[in-house]
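Next up, entry.txt (compact mmCIF, C-alpha atoms):
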```
# COMPACT_ATOMS: atom_id res chain seq x y z
CA MET X 1 53.35 201.47 191.30
CA GLU X 2 53.27 203.44 188.14
CA LEU X 3 50.51 202.53 185.68
CA PRO X 4 51.47 202.06 182.05
CA THR X 5 50.47 204.89 179.77
CA PHE X 6 48.95 203.99 176.41
CA LYS X 7 48.25 205.91 173.35
CA VAL X 8 44.54 205.56 172.45
CA SER X 9 45.15 203.25 169.49
CA GLU X 10 47.57 201.19 171.59
CA LEU X 11 44.97 200.77 174.31
CA ILE X 12 42.39 199.65 171.77
CA ALA X 13 44.89 197.14 170.39
CA VAL X 14 45.75 195.80 173.86
CA ILE X 15 42.09 195.45 174.79
CA ASN X 16 41.42 193.63 171.53
CA GLN X 17 44.32 191.28 172.23
CA THR X 18 42.94 190.62 175.69
CA LEU X 19 39.47 190.01 174.32
CA GLU X 20 40.82 187.71 171.66
CA TYR X 21 42.70 185.76 174.27
CA ALA X 22 39.72 185.47 176.60
CA TYR X 23 36.99 185.04 173.97
CA PRO X 24 38.43 183.99 170.60
CA SER X 25 34.82 183.44 169.59
CA VAL X 26 31.51 183.59 171.39
CA MET X 27 28.08 182.20 170.69
CA VAL X 28 25.38 184.74 171.52
CA GLU X 29 21.61 184.60 171.31
CA GLY X 30 19.32 187.58 171.03
CA GLU X 31 16.86 189.58 169.00
CA VAL X 32 17.75 191.58 165.90
CA ALA X 33 17.08 195.31 165.95
CA SER X 34 18.02 198.25 163.68
CA PHE X 35 19.04 195.90 160.87
CA LYS X 36 20.57 197.67 157.90
CA VAL X 37 22.78 196.98 154.90
CA SER X 38 25.25 199.70 153.98
CA LYS X 39 26.55 200.23 150.43
CA GLY X 40 25.34 196.70 149.56
CA LYS X 41 28.37 195.31 151.36
CA TYR X 42 28.21 195.82 155.11
CA VAL X 43 25.55 194.56 157.46
CA PHE X 44 24.89 196.27 160.77
CA PHE X 45 22.35 195.37 163.41
CA ASP X 46 21.91 195.40 167.15
CA LEU X 47 21.55 192.22 169.11
CA LYS X 48 19.45 192.73 172.19
CA ASP X 49 17.55 191.17 175.03
CA ASP X 50 15.47 192.79 177.76
CA ASP X 51 18.47 194.18 179.55
CA GLY X 52 21.21 194.78 177.01
CA VAL X 53 22.22 195.71 173.45
CA ILE X 54 25.41 194.97 171.47
CA GLY X 55 26.17 196.27 167.98
CA CYS X 56 26.96 193.64 165.39
CA PHE X 57 28.76 193.77 162.08
CA LEU X 58 29.30 191.39 159.20
CA MET X 59 29.88 191.36 155.46
CA VAL X 60 26.86 190.81 153.20
CA TYR X 61 28.28 187.55 151.80
CA GLN X 62 28.46 186.15 155.33
CA LEU X 63 24.76 186.69 155.82
CA ARG X 64 23.35 183.35 154.75
CA HIS X 65 19.90 183.64 156.23
CA PRO X 66 17.85 186.76 155.64
CA LEU X 67 17.40 188.82 158.81
CA GLU X 68 14.78 191.29 159.86
CA ASP X 69 14.18 193.34 162.97
CA GLY X 70 12.49 191.26 165.64
CA MET X 71 14.00 187.93 164.56
CA LYS X 72 15.62 185.73 167.16
CA VAL X 73 19.10 184.59 166.16
CA ARG X 74 22.11 182.71 167.42
CA LEU X 75 25.42 183.98 166.20
CA LEU X 76 29.04 183.04 166.24
CA ALA X 77 31.15 186.15 166.64
CA GLN X 78 34.33 187.73 167.82
CA PRO X 79 34.00 190.57 170.33
CA ARG X 80 36.12 193.61 169.60
CA LEU X 81 36.55 197.25 170.29
CA THR X 82 36.45 199.40 167.15
CA SER X 83 38.96 202.11 166.49
CA TRP X 84 36.28 204.65 167.35
CA GLY X 85 35.87 203.05 170.75
CA LYS X 86 32.65 201.21 170.20
CA PHE X 87 32.27 197.67 171.46
CA SER X 88 30.86 195.35 168.78
CA LEU X 89 30.59 191.79 167.64
CA THR X 90 32.20 190.81 164.35
CA VAL X 91 29.84 188.09 163.23
CA ARG X 92 31.13 184.98 161.50
CA GLU X 93 27.86 183.15 161.17
CA VAL X 94 24.28 183.83 162.09
CA LEU X 95 21.40 181.36 162.31
CA PRO X 96 17.76 182.25 162.93
CA MET X 97 16.26 180.69 166.04
CA GLY X 98 12.75 179.78 167.05
CA GLU X 99 10.01 178.68 164.71
CA GLY X 100 8.76 182.14 163.83
CA SER X 101 12.15 183.57 162.92
CA ILE X 102 13.22 180.47 161.02
CA LYS X 103 9.97 180.50 159.05
CA ARG X 104 10.28 184.20 158.28
CA SER X 105 13.91 183.85 157.15
CA PHE X 106 13.00 180.80 155.08
CA ASP X 107 10.20 182.67 153.33
CA LEU X 108 12.37 185.69 152.59
CA LEU X 109 15.20 183.61 151.11
CA LYS X 110 12.80 181.38 149.24
CA ALA X 111 11.18 184.37 147.56
CA LYS X 112 14.58 185.80 146.65
CA LEU X 113 16.03 182.61 145.18
CA ASP X 114 12.76 181.72 143.49
CA LYS X 115 12.89 185.06 141.69
CA GLU X 116 16.39 184.16 140.49
CA GLY X 117 15.03 180.91 139.08
CA LEU X 118 17.01 178.56 141.34
CA PHE X 119 14.02 176.33 141.95
CA ASP X 120 12.84 176.31 138.35
CA PRO X 121 11.67 172.79 137.39
CA LEU X 122 13.32 173.29 134.00
CA ARG X 123 16.72 173.38 135.70
CA LYS X 124 16.25 169.92 137.12
CA ARG X 125 18.40 167.20 135.63
CA THR X 126 17.45 163.56 135.66
CA LEU X 127 19.56 161.25 137.77
CA PRO X 128 21.23 158.24 136.13
CA GLN X 129 18.92 155.23 136.16
CA VAL X 130 21.32 152.99 138.01
CA PRO X 131 24.32 154.90 139.35
CA HIS X 132 27.50 152.97 140.04
CA HIS X 133 29.43 155.82 141.67
CA ILE X 134 27.91 158.28 144.12
CA GLY X 135 29.20 160.98 146.42
CA LEU X 136 27.44 160.89 149.78
CA ILE X 137 27.51 163.95 152.01
CA ALA X 138 26.43 163.14 155.56
CA SER X 139 27.57 162.79 159.10
CA VAL X 140 28.74 159.19 159.50
CA GLU X 141 27.48 159.31 163.08
CA SER X 142 23.95 160.20 162.08
CA ALA X 143 20.87 158.00 161.85
CA GLY X 144 20.17 159.43 158.39
CA TYR X 145 23.50 158.09 157.13
CA ALA X 146 22.80 154.63 158.56
CA ASP X 147 19.26 154.61 157.16
CA PHE X 148 20.45 155.59 153.71
CA LEU X 149 23.11 152.88 153.54
CA LYS X 150 20.79 150.26 154.99
CA ILE X 151 18.17 150.84 152.30
CA LEU X 152 20.82 151.18 149.59
CA ASP X 153 22.33 147.82 150.55
CA SER X 154 18.97 146.09 150.74
CA ARG X 155 17.86 147.38 147.36
CA TRP X 156 20.96 147.27 145.19
CA GLY X 157 24.68 146.50 145.02
CA GLY X 158 27.79 147.31 143.07
CA VAL X 159 27.66 151.00 143.92
CA GLN X 160 30.87 152.76 144.85
CA VAL X 161 29.92 155.15 147.66
CA GLU X 162 32.38 157.90 148.54
CA VAL X 163 31.43 159.53 151.80
CA ALA X 164 32.27 163.08 152.84
CA ASP X 165 31.86 163.07 156.60
CA VAL X 166 30.51 166.49 157.55
CA GLN X 167 28.71 168.19 160.36
CA VAL X 168 25.04 168.47 159.41
CA GLN X 169 23.77 170.85 162.06
CA GLY X 170 24.83 173.95 163.87
CA VAL X 171 27.32 176.68 163.14
CA GLY X 172 29.83 175.77 160.43
CA ALA X 173 27.79 172.88 159.08
CA ALA X 174 26.66 174.68 155.90
CA GLU X 175 30.26 175.63 155.12
CA GLN X 176 31.39 172.02 155.52
CA ILE X 177 28.68 170.73 153.21
CA ILE X 178 29.59 173.37 150.62
CA ARG X 179 33.25 172.28 150.79
CA ALA X 180 32.18 168.67 150.32
CA ILE X 181 30.08 169.61 147.27
CA ASP X 182 33.07 171.49 145.84
CA HIS X 183 35.37 168.58 146.59
CA PHE X 184 33.21 166.09 144.67
CA ASN X 185 32.72 168.49 141.79
CA GLN X 186 36.45 169.02 141.47
CA GLN X 187 37.72 165.49 141.75
CA ALA X 188 39.01 163.77 138.62
CA ASP X 189 36.58 160.86 138.77
CA VAL X 190 33.41 162.78 139.53
CA PRO X 191 30.53 160.80 141.00
CA GLN X 192 27.36 160.46 138.94
CA VAL X 193 25.17 161.80 141.74
CA LEU X 194 25.70 163.79 144.91
CA VAL X 195 23.48 162.65 147.72
CA ILE X 196 23.03 164.86 150.77
CA VAL X 197 21.21 163.26 153.68
CA ARG X 198 20.34 164.15 157.21
CA GLY X 199 17.73 162.62 159.48
CA GLY X 200 14.96 164.44 161.29
CA GLY X 201 15.60 167.21 163.77
CA SER X 202 14.31 170.45 165.15
CA ALA X 203 13.64 173.41 162.88
CA GLU X 204 16.88 174.94 164.20
CA ASP X 205 18.88 171.80 163.38
CA LEU X 206 17.51 171.72 159.86
CA ALA X 207 18.05 175.48 159.35
CA VAL X 208 21.49 174.61 157.93
CA PHE X 209 19.71 173.41 154.81
CA ASN X 210 18.23 176.87 154.32
CA ASP X 211 21.66 178.48 154.19
CA GLU X 212 21.86 180.68 151.11
CA GLY X 213 25.41 179.63 150.25
CA LEU X 214 24.54 175.97 150.54
CA VAL X 215 21.38 176.32 148.48
CA ARG X 216 23.38 178.08 145.77
CA ALA X 217 26.13 175.45 145.88
CA ILE X 218 23.54 172.69 145.39
CA ALA X 219 21.96 174.55 142.48
CA ALA X 220 25.36 175.18 140.91
CA SER X 221 26.71 171.64 141.32
CA ARG X 222 27.94 170.15 138.06
CA VAL X 223 27.09 166.73 139.45
CA PRO X 224 23.31 166.16 139.75
CA THR X 225 22.05 166.34 143.31
CA LEU X 226 19.64 164.36 145.43
CA VAL X 227 18.74 165.81 148.82
CA GLY X 228 16.96 163.88 151.54
CA VAL X 229 16.71 165.90 154.72
CA GLY X 230 14.49 165.48 157.77
CA HIS X 231 11.07 163.88 157.76
CA GLU X 232 8.35 163.86 155.12
CA VAL X 233 6.87 167.10 156.42
CA ASP X 234 10.11 169.09 156.34
CA THR X 235 10.92 171.15 153.29
CA SER X 236 14.22 172.95 153.05
CA LEU X 237 15.51 175.28 150.39
CA ALA X 238 18.25 172.72 149.73
CA ASP X 239 15.46 170.27 148.79
CA LEU X 240 13.97 172.79 146.39
CA ALA X 241 17.31 173.54 144.72
CA ALA X 242 18.27 169.89 144.29
CA ASP X 243 17.69 168.06 141.02
CA MET X 244 15.67 165.53 142.95
CA ARG X 245 14.11 165.79 146.37
CA ALA X 246 13.70 162.85 148.70
CA ALA X 247 11.39 162.96 151.70
CA THR X 248 13.88 161.20 153.99
CA PRO X 249 17.35 159.62 153.78
CA SER X 250 15.71 156.18 153.29
CA ASN X 251 13.58 157.61 150.52
CA ALA X 252 16.74 158.99 148.89
CA ALA X 253 18.11 155.45 148.62
CA GLN X 254 14.77 154.28 147.20
CA LEU X 255 14.82 156.96 144.54
CA LEU X 256 18.46 156.36 143.70
CA VAL X 257 18.58 152.65 142.91
CA PRO X 258 16.11 150.02 141.71
CA ASP X 259 14.92 147.26 144.00
CA ARG X 260 16.80 144.05 143.33
CA GLY X 261 13.89 142.06 144.80
CA ALA X 262 11.53 143.48 142.18
CA LEU X 263 14.04 142.81 139.43
CA ILE X 264 14.57 139.24 140.62
CA ALA X 265 10.77 138.77 140.56
CA GLU X 266 10.68 140.17 137.04
CA LEU X 267 13.47 137.80 136.01
CA THR X 268 11.46 134.89 137.36
CA GLN X 269 8.62 136.09 135.12
CA ARG X 270 10.93 136.07 132.14
CA GLU X 271 12.14 132.62 133.07
CA HIS X 272 8.50 131.46 133.09
CA ARG X 273 8.08 132.88 129.64
CA LEU X 274 11.08 130.85 128.49
CA PHE X 275 9.50 127.72 129.94
CA GLU X 276 6.20 128.54 128.23
CA ARG X 277 7.88 128.97 124.90
CA ILE X 278 9.87 125.76 125.02
CA ASP X 279 6.74 123.95 126.22
CA ARG X 280 4.76 125.26 123.27
CA ARG X 281 7.47 124.07 120.92
CA LEU X 282 7.59 120.66 122.58
CA GLU X 283 3.80 120.41 122.40
CA VAL X 284 3.97 120.71 118.63
CA MET X 285 6.54 117.92 118.57
CA ARG X 286 4.44 115.79 120.90
CA HIS X 287 1.46 116.05 118.60
CA LEU X 288 3.61 115.00 115.72
CA VAL X 289 4.82 111.95 117.63
CA ASP X 290 1.31 111.05 118.79
CA ASP X 291 0.02 111.09 115.22
CA THR X 292 2.89 109.01 113.85
CA PRO X 293 1.32 105.48 114.13
CA GLN X 294 -1.68 106.57 112.09
CA ILE X 295 0.56 108.23 109.54
CA MET X 296 2.66 105.07 109.34
CA VAL X 297 -0.36 102.80 108.78
CA ALA X 298 -1.61 105.10 106.05
CA ARG X 299 1.80 105.14 104.42
CA PHE X 300 2.05 101.34 104.69
CA ASP X 301 -1.35 100.92 103.08
CA ALA X 302 -0.36 103.19 100.25
CA ALA X 303 2.85 101.24 99.80
CA VAL X 304 0.96 97.94 99.60
CA VAL X 305 -1.36 99.28 96.92
CA GLU X 306 1.61 100.57 94.96
CA HIS X 307 3.43 97.23 95.18
CA LYS X 308 0.31 95.38 94.04
CA ARG X 309 0.06 97.67 91.07
CA ARG X 310 3.68 97.10 90.13
CA LEU X 311 3.33 93.35 90.58
CA ASN X 312 0.33 93.18 88.23
CA HIS X 313 2.21 95.20 85.69
CA ALA X 314 5.18 92.87 85.93
CA ILE X 315 2.91 89.83 85.54
CA ARG X 316 1.43 91.36 82.40
CA GLU X 317 4.90 92.04 81.05
CA LEU X 318 6.07 88.52 81.84
CA LYS X 319 3.08 87.03 80.08
CA HIS X 320 4.24 88.63 76.86
CA LEU X 321 7.58 86.89 77.24
CA ASP X 322 6.13 83.35 77.79
CA PRO X 323 7.46 81.13 74.86
CA LYS X 324 4.11 79.31 74.73
CA VAL X 325 2.39 82.58 73.96
CA VAL X 326 4.97 83.22 71.25
CA LEU X 327 4.48 79.74 69.76
CA ARG X 328 0.72 80.34 69.71
CA ARG X 329 1.37 83.32 67.49
CA GLY X 330 2.95 80.98 64.88
CA TYR X 331 6.60 80.93 65.82
CA ALA X 332 8.58 77.69 66.34
CA LEU X 333 11.48 76.49 68.51
CA VAL X 334 14.14 74.57 66.59
CA ARG X 335 16.46 72.19 68.46
CA HIS X 336 19.42 70.13 67.30
CA ASP X 337 20.66 67.50 69.74
CA ASN X 338 18.56 69.24 72.47
CA ASN X 339 20.27 72.60 71.79
CA LEU X 340 18.24 75.53 70.56
CA VAL X 341 19.16 76.54 67.04
CA LYS X 342 19.45 80.32 67.02
CA GLY X 343 20.28 83.06 64.54
CA ALA X 344 22.96 81.91 62.12
CA ALA X 345 22.33 78.17 62.82
CA LYS X 346 26.00 77.72 63.46
CA GLY X 347 27.29 74.12 63.00
CA ILE X 348 24.11 72.93 61.23
CA LYS X 349 24.87 70.87 58.17
CA ILE X 350 22.84 69.19 55.47
CA GLY X 351 21.55 65.91 56.80
CA ASP X 352 21.35 66.98 60.47
CA GLY X 353 18.17 65.98 62.28
CA LEU X 354 16.14 68.79 63.91
CA THR X 355 13.29 68.82 66.43
CA ILE X 356 10.74 71.60 65.70
CA THR X 357 8.37 72.51 68.51
CA LEU X 358 5.16 74.31 67.55
CA ALA X 359 2.35 75.45 69.83
CA ARG X 360 0.56 72.19 69.61
CA ALA X 361 2.93 69.75 67.78
CA ILE X 362 6.49 68.52 67.67
CA LEU X 363 8.01 67.74 64.32
CA LYS X 364 11.20 65.80 63.48
CA ALA X 365 12.89 67.09 60.29
CA GLU X 366 16.09 66.76 58.28
CA VAL X 367 18.17 69.65 56.92
CA THR X 368 18.23 69.58 53.15
CA HIS X 369 19.65 73.01 52.44
CA VAL X 370 21.65 75.60 54.37
CA GLU X 371 21.82 79.17 53.21
CA HIS X 372 23.36 81.87 55.44
CA LYS X 373 21.89 85.34 55.30
CA THR X 374 23.56 88.67 55.79
CA GLU X 375 22.56 90.83 58.82
CA GLU X 376 20.50 93.21 56.62
CA ASP X 377 18.17 90.51 55.23
CA MET M 1 39.59 147.20 144.00
CA SER M 2 39.98 149.55 141.11
CA SER M 3 37.38 152.24 140.71
CA THR M 4 36.39 151.02 137.26
CA LYS M 5 35.30 147.63 138.55
CA PRO M 6 31.71 148.56 139.46
CA LYS M 7 31.27 150.22 136.08
CA LYS M 8 32.36 147.02 134.38
CA THR M 9 30.08 144.88 136.56
CA GLU M 10 27.17 147.18 135.79
CA ALA M 11 27.78 147.02 132.07
CA THR M 12 27.92 143.25 132.23
CA LEU M 13 24.67 143.13 134.15
CA GLN M 14 23.02 145.30 131.51
CA ASP M 15 24.56 143.11 128.81
CA GLN M 16 23.16 140.03 130.46
CA LEU M 17 19.69 141.58 130.69
CA SER M 18 19.63 142.56 127.03
CA GLU M 19 21.02 139.14 126.09
CA LEU M 20 18.06 137.61 127.91
CA ASP M 21 15.64 139.88 126.05
CA LYS M 22 17.21 138.78 122.76
CA LEU M 23 16.78 135.14 123.69
CA LEU M 24 13.13 135.66 124.54
CA ALA M 25 12.55 137.51 121.27
CA TRP M 26 14.16 134.61 119.39
CA PHE M 27 11.39 132.32 120.62
CA ASP M 28 8.77 134.53 119.00
CA GLN M 29 9.70 133.53 115.46
CA PRO M 30 7.65 130.78 113.81
CA ASP M 31 9.05 127.33 112.92
CA LEU M 32 11.78 127.04 115.48
CA ASP M 33 14.35 124.36 115.11
CA LEU M 34 13.83 122.12 118.12
CA ASP M 35 17.49 121.45 118.86
CA GLU M 36 18.26 125.15 118.64
CA ALA M 37 15.21 125.96 120.77
CA LEU M 38 16.33 123.56 123.47
CA GLN M 39 19.82 125.01 123.39
CA LYS M 40 18.52 128.59 123.63
CA PHE M 41 16.17 127.59 126.40
CA ASP M 42 19.08 126.12 128.31
CA GLU M 43 21.11 129.29 127.78
CA GLY M 44 18.16 131.43 128.88
CA VAL M 45 17.62 129.53 132.10
CA LYS M 46 21.33 129.64 132.94
CA LEU M 47 21.43 133.35 132.18
CA THR M 48 18.44 134.24 134.38
CA GLU M 49 19.89 132.20 137.22
CA ALA M 50 23.25 133.94 136.81
CA ILE M 51 21.64 137.39 136.84
CA LYS M 52 19.51 136.53 139.85
CA HIS M 53 22.54 135.27 141.69
CA ARG M 54 24.48 138.39 140.85
CA LEU M 55 21.61 140.63 141.96
CA ALA M 56 21.23 138.78 145.21
CA THR M 57 24.89 138.83 146.13
CA PHE M 58 26.59 141.94 144.79
CA GLU M 59 27.48 144.52 147.43
CA ASN M 60 28.08 148.25 147.67
CA LYS M 61 31.52 149.58 148.51
CA VAL M 62 31.57 152.43 151.00
CA ALA M 63 34.71 154.51 151.44
CA ILE M 64 34.80 157.41 153.88
CA LEU M 65 37.01 160.19 152.56
CA ARG M 66 39.94 161.02 154.78
CA LYS M 67 39.69 164.68 153.85
CA ARG M 68 38.34 166.89 156.61
CA PHE M 69 35.72 169.48 155.75
CA ASP M 70 35.67 171.37 159.02
CA GLN M 71 38.36 173.76 157.93
CA ASP M 72 39.16 175.60 154.79
CA SER M 73 42.05 173.68 153.30
CA ALA M 74 41.74 175.18 149.84
```

Translate this file's structure into structure tokens.
Amino acid sequence: MELPTFKVSELIAVINQTLEYAYPSVMVEGEVASFKVSKGKYVFFDLKDDDGVIGCFLMVYQLRHPLEDGMKVRLLAQPRLTSWGKFSLTVREVLPMGEGSIKRSFDLLKAKLDKEGLFDPLRKRTLPQVPHHIGLIASVESAGYADFLKILDSRWGGVQVEVADVQVQGVGAAEQIIRAIDHFNQQADVPQVLVIVRGGGSAEDLAVFNDEGLVRAIAASRVPTLVGVGHEVDTSLADLAADMRAATPSNAAQLLVPDRGALIAELTQREHRLFERIDRRLEVMRHLVDDTPQIMVARFDAAVVEHKRRLNHAIRELKHLDPKVVLRRGYALVRHDNNLVKGAAKGIKIGDGLTITLARAILKAEVTHVEHKTEED
Amino acid sequence: MSSTKPKKTEATLQDQLSELDKLLAWFDQPDLDLDEALQKFDEGVKLTEAIKHRLATFENKVAILRKRFDQDSA
């Protein structure tokens, strides 16, 4: 059997095709050695363990966690043979592993971003007091998601919650969260707050939230951000870049909305104040009513005195009008046939008999002369 | 439900709260007319009960986006 003959470049291509078929991507763990950045664009390092070494390559922008020689990492990569015949891994994503490496990478990135001012307190925006529309970035399968919604529901209502269901740990998670942040920032009806939550986990699980791209995306978000990741003790760079940091997903819900129970209690207080005020007003009225009998007696007494006064006055007036009093002053009443003779003495003729009543005598007289006077006399 | 509904509800809740504050402030003036006071009191009690009821019963609406974020669809 005759073996196929390849040109060198053809052989490299065939081997790469075979590799791609067998291992489209591999996850490899190891220690970083000979780390270097070339021309500010290309990253080269060796990944090694006690018995082997493989060269690795990636672009600077793909390096989301600072690396140093000696760090333990897990990386997602594609194995390939370079055109100069060297076997290498083209790295798609690299995550530090183990507490020491994670801590070291965290410190390096923190120092870098801090210098850029990403964590500056002056950059922090205040969240709306009571949001009615939020974008929630979480894994709907996670405990953190359930905790957040449970507390949100118990505290407040009327909030429209749009959920971007993303992976919150492992390779690819940071990228998914970044896409979700972009999605919310670009939608027509942007939410008032972006909430990113994830429950507790190992340092490696939470390393996603120290991804440089993710931290930058949070800092750059047009929509204010609230990040609640892990437990109280965990601090991630995502926390530091967010406008507001919550200790846990439950705490994020507490910070986001007021407590309806507290508000209801406050309303009850206000209701009591209303009752107090109306009571006070009614008390004034009650006093008025209680005092009324006394006021009425006093008024009645005053009225009696006034009536007495008016009565006496009237009696005095009437006394002046008594004919007897008038007669005593020297006037007389003249009658003819029992009719009083008044004014013009109409119908009185010479010879008529008259009865003249004085104060203390009655005289009978006869008319001997009649003379009518004009009004002026 | 339209997306503007929660906004409207929220505004109304705020309106109700400030309405209640106004009512309480009204009681602080001297020489209140009793009939008016009783009427305002009645309004105030009804309002607080309405707000409390709303607070106790209104619910959040959760919608999970259908968009997938595990691949670059941009």

I'd like a table as JSON lines: residues in chain M with an atom no more than 6 Å from chain X, each row giving the shortest atom pair and its distance in Å to one decimal, all atoms listed in the file counted, sorted by chain and rising residue number.
```
{"residue": "M:Pro6", "atom": "CA", "partner": "X:Gly158", "partner_atom": "CA", "distance": 5.5}
{"residue": "M:Lys52", "atom": "CA", "partner": "X:Ile264", "partner_atom": "CA", "distance": 5.7}
{"residue": "M:Phe58", "atom": "CA", "partner": "X:Gly157", "partner_atom": "CA", "distance": 4.9}
{"residue": "M:Glu59", "atom": "CA", "partner": "X:Gly157", "partner_atom": "CA", "distance": 4.2}
{"residue": "M:Asn60", "atom": "CA", "partner": "X:Gly157", "partner_atom": "CA", "distance": 4.7}
{"residue": "M:Lys61", "atom": "CA", "partner": "X:Gln160", "partner_atom": "CA", "distance": 4.9}
{"residue": "M:Val62", "atom": "CA", "partner": "X:Val161", "partner_atom": "CA", "distance": 4.6}
{"residue": "M:Ala63", "atom": "CA", "partner": "X:Glu162", "partner_atom": "CA", "distance": 5.0}
{"residue": "M:Ile64", "atom": "CA", "partner": "X:Val163", "partner_atom": "CA", "distance": 4.5}
{"residue": "M:Leu65", "atom": "CA", "partner": "X:Ala164", "partner_atom": "CA", "distance": 5.6}
{"residue": "M:Phe69", "atom": "CA", "partner": "X:Gln176", "partner_atom": "CA", "distance": 5.0}
{"residue": "M:Asp70", "atom": "CA", "partner": "X:Gln176", "partner_atom": "CA", "distance": 5.6}
```

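Here CA of Leu321 (chain X) stands at a distance of 27.8 Å from CA of Gly353 (chain X).
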
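For the pair CA of Ala146 (chain X) and CA of Asp211 (chain X), the separation is 24.3 Å.
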
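CA of Pro66 (chain X) sits 14.1 Å away from CA of Asp114 (chain X).
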
Next item on the list: Do a neighbour search on Asn16 (chain X) at 9 Å with all atoms listed in the file, toss out local chain neighbours closer than 2 positions, and write the hits as a list in words.
Entry: Leu11, Ile12, Ala13, Val14, Thr18, Leu19, Glu20, Tyr21, Pro79, Arg80, Leu81 and Thr82 of chain X

Skip region 43-51 of chain M itself and residues of its chain fewer than 2 positions away, then list as a PDB file with C-alpha atoms, in the frame of the given file all residues within 8 Å of it, counting only C-alpha atoms.
```pdb
ATOM      1  CA  LEU X 267      13.470 137.800 136.010  1.00  0.00           C
ATOM      2  CA  THR X 268      11.460 134.890 137.360  1.00  0.00           C
ATOM      3  CA  GLU X 271      12.140 132.620 133.070  1.00  0.00           C
ATOM      4  CA  LEU X 274      11.080 130.850 128.490  1.00  0.00           C
TER       5      LEU X 274
ATOM      6  CA  LEU M  13      24.670 143.130 134.150  1.00  0.00           C
ATOM      7  CA  GLN M  16      23.160 140.030 130.460  1.00  0.00           C
ATOM      8  CA  LEU M  17      19.690 141.580 130.690  1.00  0.00           C
ATOM      9  CA  LEU M  20      18.060 137.610 127.910  1.00  0.00           C
ATOM     10  CA  LEU M  23      16.780 135.140 123.690  1.00  0.00           C
ATOM     11  CA  LEU M  24      13.130 135.660 124.540  1.00  0.00           C
ATOM     12  CA  GLN M  39      19.820 125.010 123.390  1.00  0.00           C
ATOM     13  CA  LYS M  40      18.520 128.590 123.630  1.00  0.00           C
ATOM     14  CA  PHE M  41      16.170 127.590 126.400  1.00  0.00           C
ATOM     15  CA  HIS M  53      22.540 135.270 141.690  1.00  0.00           C
ATOM     16  CA  ARG M  54      24.480 138.390 140.850  1.00  0.00           C
ATOM     17  CA  LEU M  55      21.610 140.630 141.960  1.00  0.00           C
TER      18      LEU M  55
END
```

Note to self: Excluding Leu240 (chain X) and its own-chain neighbours fewer than 5 positions away, which residues fall within 10 Å of it when counting all atoms listed in the file? Please give them as an NGL selection string.
What the structure shows: :X and (110 or 114 or 118-121 or 124 or 210 or 215 or 218-219 or 227 or 235 or 245)

For the residues in that selection, give me C-alpha atoms as a tab-separated table (two decimals), keeping the file's coordinate frame.
```tsv
chain	number	residue	atom	x	y	z
X	110	LYS	CA	12.80	181.38	149.24
X	114	ASP	CA	12.76	181.72	143.49
X	118	LEU	CA	17.01	178.56	141.34
X	119	PHE	CA	14.02	176.33	141.95
X	120	ASP	CA	12.84	176.31	138.35
X	121	PRO	CA	11.67	172.79	137.39
X	124	LYS	CA	16.25	169.92	137.12
X	210	ASN	CA	18.23	176.87	154.32
X	215	VAL	CA	21.38	176.32	148.48
X	218	ILE	CA	23.54	172.69	145.39
X	219	ALA	CA	21.96	174.55	142.48
X	227	VAL	CA	18.74	165.81	148.82
X	235	THR	CA	10.92	171.15	153.29
X	245	ARG	CA	14.11	165.79	146.37
```
